[in-house]
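Single-structure report; data block below.
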Amino acid sequence: RHLASMAVLPSRWLPLLQLCVAALSVAAQARVQDTVPRSSLEGQLITDGPLHAVRVVLNRGEYTAIPRQDGSFVIHSLPPGAYFLEVHDTQRTWPTVRVDVSAKTQGKMRALMTHNRLPLPLPLPIEPLVPRLAFFEKREGFKVSSLLMNPMAIMMGVTLLIMLVMPKMMANMDPEQLKEMQQMQGGLADLLNPEKLKEKQQMLEKKKREIKG
């Protein structure tokens with residue numbers, strides 16, 4: 001009977017032993033975390049707009065801070081490591097900042113902007129890349145230059161210039177040059193007229209036949 005009770009005793013105490021081991025491991029982890037230096041990240045969002053819907057997040061929401069009315073914010077108890085700070089804002093576009101927290105010295109951090117690799121002092125002064133997002137394209141007003149650059153306006157201006165200049169040029173030309181120009185204009189008109197162009201082709205074919213015959 002005594003041997004049987006000794007065999008049954010460990011199975012009864014097994015859950016209690018497991019609970020004690022779990023409690024000891026949690027306590028050990030808490031002691032390790034207490035020995036790890038933690039730092040607080042401070043900064044300020046520099047803008048004139050409202051900040052009631054703005055959030056400052058690290059590593060896509062691992063840590064979150066709500067900025068005050070003056071734009072200042074604090075994120076407490078950061079363990080050593082690398083973090084990416086982003087500003088969630090629907091009205092402005094903010095830069096992404098990389099923050100490296102030192103594992104040796106508490107409170108020692110280094111920050112730089114990811115888009116241009118420029119370092120930032122602490123507390124972080126963060127300014128928006130785009131102060132205000134423009135969702136609609138602004139309609140341009142009437143401009144005289146746009147009217148002058150219109151192809152139709154250019155064609156009308158060239159035609160008007162030709163109508164004004166050509167009579168003066170023709171009045172100062174020799175009769176022979178004037179006759180040549182009229183023949184050239186007639187030839188161009190014939191080329192543009194399909195019926196006359198067809199008549200000329202028939203005449204050329206007729207002359208070729210007469211030459212061959």
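To be explicit about the labels: the chains of the structure tokens are called A, B, and onward in the order shown, and within each one the residues are counted from 1, while ligands get numbers from 1 in the order they are shown.
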For this session: Would you list the contacts of segment 66-78 of chain A as a VMD selection string, taking every protein, DNA or RNA residue within 6 Å and counting only C-alpha atoms, but skipping same-chain residues closer than 5 positions in sequence?
Result: chain A and resid 38 to 45 55
Prev. selection, N, CA, C and O atoms, output as a CSV table (one decimal), in the first residue's frame:
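Result went into out.csv, see below:
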```
chain,number,residue,atom,x,y,z
A,38,ARG,N,15.4,51.1,-21.3
A,38,ARG,CA,14.3,51.5,-22.2
A,38,ARG,C,14.4,53.0,-22.3
A,38,ARG,O,14.8,53.7,-21.4
A,39,SER,N,13.9,53.5,-23.5
A,39,SER,CA,14.0,55.0,-23.8
A,39,SER,C,12.7,55.5,-24.2
A,39,SER,O,11.8,54.8,-24.6
A,40,SER,N,12.5,56.8,-24.1
A,40,SER,CA,11.3,57.5,-24.6
A,40,SER,C,11.7,58.4,-25.8
A,40,SER,O,12.7,59.1,-25.7
A,41,LEU,N,10.9,58.3,-26.8
A,41,LEU,CA,11.1,59.1,-28.0
A,41,LEU,C,10.1,60.3,-28.0
A,41,LEU,O,8.9,60.1,-27.9
A,42,GLU,N,10.7,61.4,-28.2
A,42,GLU,CA,10.0,62.7,-28.2
A,42,GLU,C,10.1,63.4,-29.5
A,42,GLU,O,11.2,63.3,-30.2
A,43,GLY,N,9.1,64.1,-30.0
A,43,GLY,CA,9.2,64.8,-31.2
A,43,GLY,C,8.0,65.8,-31.3
A,43,GLY,O,7.2,65.9,-30.4
A,44,GLN,N,8.0,66.5,-32.4
A,44,GLN,CA,6.9,67.5,-32.7
A,44,GLN,C,6.6,67.6,-34.2
A,44,GLN,O,7.5,67.6,-35.0
A,45,LEU,N,5.3,67.6,-34.5
A,45,LEU,CA,4.9,67.7,-35.8
A,45,LEU,C,4.7,69.2,-36.1
A,45,LEU,O,3.9,69.9,-35.4
A,55,ARG,N,-2.1,60.3,-36.2
A,55,ARG,CA,-1.5,59.4,-35.3
A,55,ARG,C,0.0,59.2,-35.7
A,55,ARG,O,0.3,59.1,-36.9
```
For this session: Point out the residue among A:Arg209, A:Val57, A:Ala111, A:Val21 with the least atom-to-atom distance to Pro125 of chain A, counting only C-alpha atoms.
Result: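 Among A:Arg209, A:Val57, A:Ala111, A:Val21, it is A:Ala111 that comes nearest to Pro125 of chain A.
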For this session: Determine which residues of segment 94-132 of chain A receive a DSSP assignment of strand (DSSP E), computed from the backbone, and state them as a list of chain:residue names.
Result: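 Filtering segment 94-132 of chain A to strand (DSSP E) leaves A:Val97, A:Arg98, A:Val99, A:Asp100, A:Val101, A:Met109, A:Arg110, A:Ala111, A:Leu112, A:Met113, A:Pro119, A:Leu120, A:Leu124, A:Pro125, A:Ile126.
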Output file for the residues above (C-alpha atoms, as a PDB file, in the first residue's frame):
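Now in out.pdb:
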```
ATOM      1  CA  VAL A  97      11.882  58.468 -40.048  1.00  0.00           C
ATOM      2  CA  ARG A  98      14.167  55.623 -38.975  1.00  0.00           C
ATOM      3  CA  VAL A  99      14.975  55.633 -35.266  1.00  0.00           C
ATOM      4  CA  ASP A 100      17.753  53.475 -33.775  1.00  0.00           C
ATOM      5  CA  VAL A 101      17.575  52.995 -29.992  1.00  0.00           C
ATOM      6  CA  MET A 109      18.966  57.376 -30.052  1.00  0.00           C
ATOM      7  CA  ARG A 110      19.766  58.231 -33.630  1.00  0.00           C
ATOM      8  CA  ALA A 111      17.213  59.339 -36.241  1.00  0.00           C
ATOM      9  CA  LEU A 112      17.315  60.003 -39.975  1.00  0.00           C
ATOM     10  CA  MET A 113      14.772  60.492 -42.744  1.00  0.00           C
ATOM     11  CA  PRO A 119      19.848  63.040 -39.805  1.00  0.00           C
ATOM     12  CA  LEU A 120      17.368  64.638 -37.424  1.00  0.00           C
ATOM     13  CA  LEU A 124      12.355  65.053 -33.602  1.00  0.00           C
ATOM     14  CA  PRO A 125      11.220  68.116 -35.599  1.00  0.00           C
ATOM     15  CA  ILE A 126       9.082  66.637 -38.400  1.00  0.00           C
TER      16      ILE A 126
END
```
Exercise. Could you pull out the helix (DSSP H, G or I) residues of segment 84-153 of chain A from DSSP and send them as a ChimeraX atom specification?
Worked result: /A:144-148,151-153
Write the residues of the selection above to a file with N, CA, C and O atoms, as a PDB file, in the first residue's frame.
```pdb
ATOM      1  N   VAL A 144      -4.226  84.770 -72.698  1.00  0.00           N
ATOM      2  CA  VAL A 144      -4.071  85.208 -74.090  1.00  0.00           C
ATOM      3  C   VAL A 144      -3.038  84.341 -74.805  1.00  0.00           C
ATOM      4  O   VAL A 144      -3.172  84.033 -75.990  1.00  0.00           O
ATOM      5  N   SER A 145      -2.022  83.893 -74.079  1.00  0.00           N
ATOM      6  CA  SER A 145      -0.983  83.067 -74.703  1.00  0.00           C
ATOM      7  C   SER A 145      -1.550  81.741 -75.190  1.00  0.00           C
ATOM      8  O   SER A 145      -1.163  81.246 -76.255  1.00  0.00           O
ATOM      9  N   SER A 146      -2.480  81.151 -74.422  1.00  0.00           N
ATOM     10  CA  SER A 146      -3.084  79.892 -74.869  1.00  0.00           C
ATOM     11  C   SER A 146      -3.915  80.102 -76.136  1.00  0.00           C
ATOM     12  O   SER A 146      -3.976  79.233 -76.999  1.00  0.00           O
ATOM     13  N   LEU A 147      -4.554  81.263 -76.271  1.00  0.00           N
ATOM     14  CA  LEU A 147      -5.314  81.553 -77.487  1.00  0.00           C
ATOM     15  C   LEU A 147      -4.394  81.722 -78.689  1.00  0.00           C
ATOM     16  O   LEU A 147      -4.689  81.250 -79.793  1.00  0.00           O
ATOM     17  N   LEU A 148      -3.267  82.391 -78.487  1.00  0.00           N
ATOM     18  CA  LEU A 148      -2.329  82.597 -79.599  1.00  0.00           C
ATOM     19  C   LEU A 148      -1.663  81.302 -80.021  1.00  0.00           C
ATOM     20  O   LEU A 148      -1.275  81.153 -81.181  1.00  0.00           O
ATOM     21  N   PRO A 151      -3.722  76.114 -82.757  1.00  0.00           N
ATOM     22  CA  PRO A 151      -3.411  75.890 -84.185  1.00  0.00           C
ATOM     23  C   PRO A 151      -4.366  76.604 -85.126  1.00  0.00           C
ATOM     24  O   PRO A 151      -3.951  77.116 -86.180  1.00  0.00           O
ATOM     25  N   MET A 152      -5.654  76.653 -84.784  1.00  0.00           N
ATOM     26  CA  MET A 152      -6.619  77.330 -85.650  1.00  0.00           C
ATOM     27  C   MET A 152      -6.328  78.836 -85.720  1.00  0.00           C
ATOM     28  O   MET A 152      -6.411  79.452 -86.792  1.00  0.00           O
ATOM     29  N   ALA A 153      -5.965  79.421 -84.567  1.00  0.00           N
ATOM     30  CA  ALA A 153      -5.640  80.850 -84.571  1.00  0.00           C
ATOM     31  C   ALA A 153      -4.379  81.119 -85.390  1.00  0.00           C
ATOM     32  O   ALA A 153      -4.289  82.132 -86.099  1.00  0.00           O
TER      33      ALA A 153
END
```
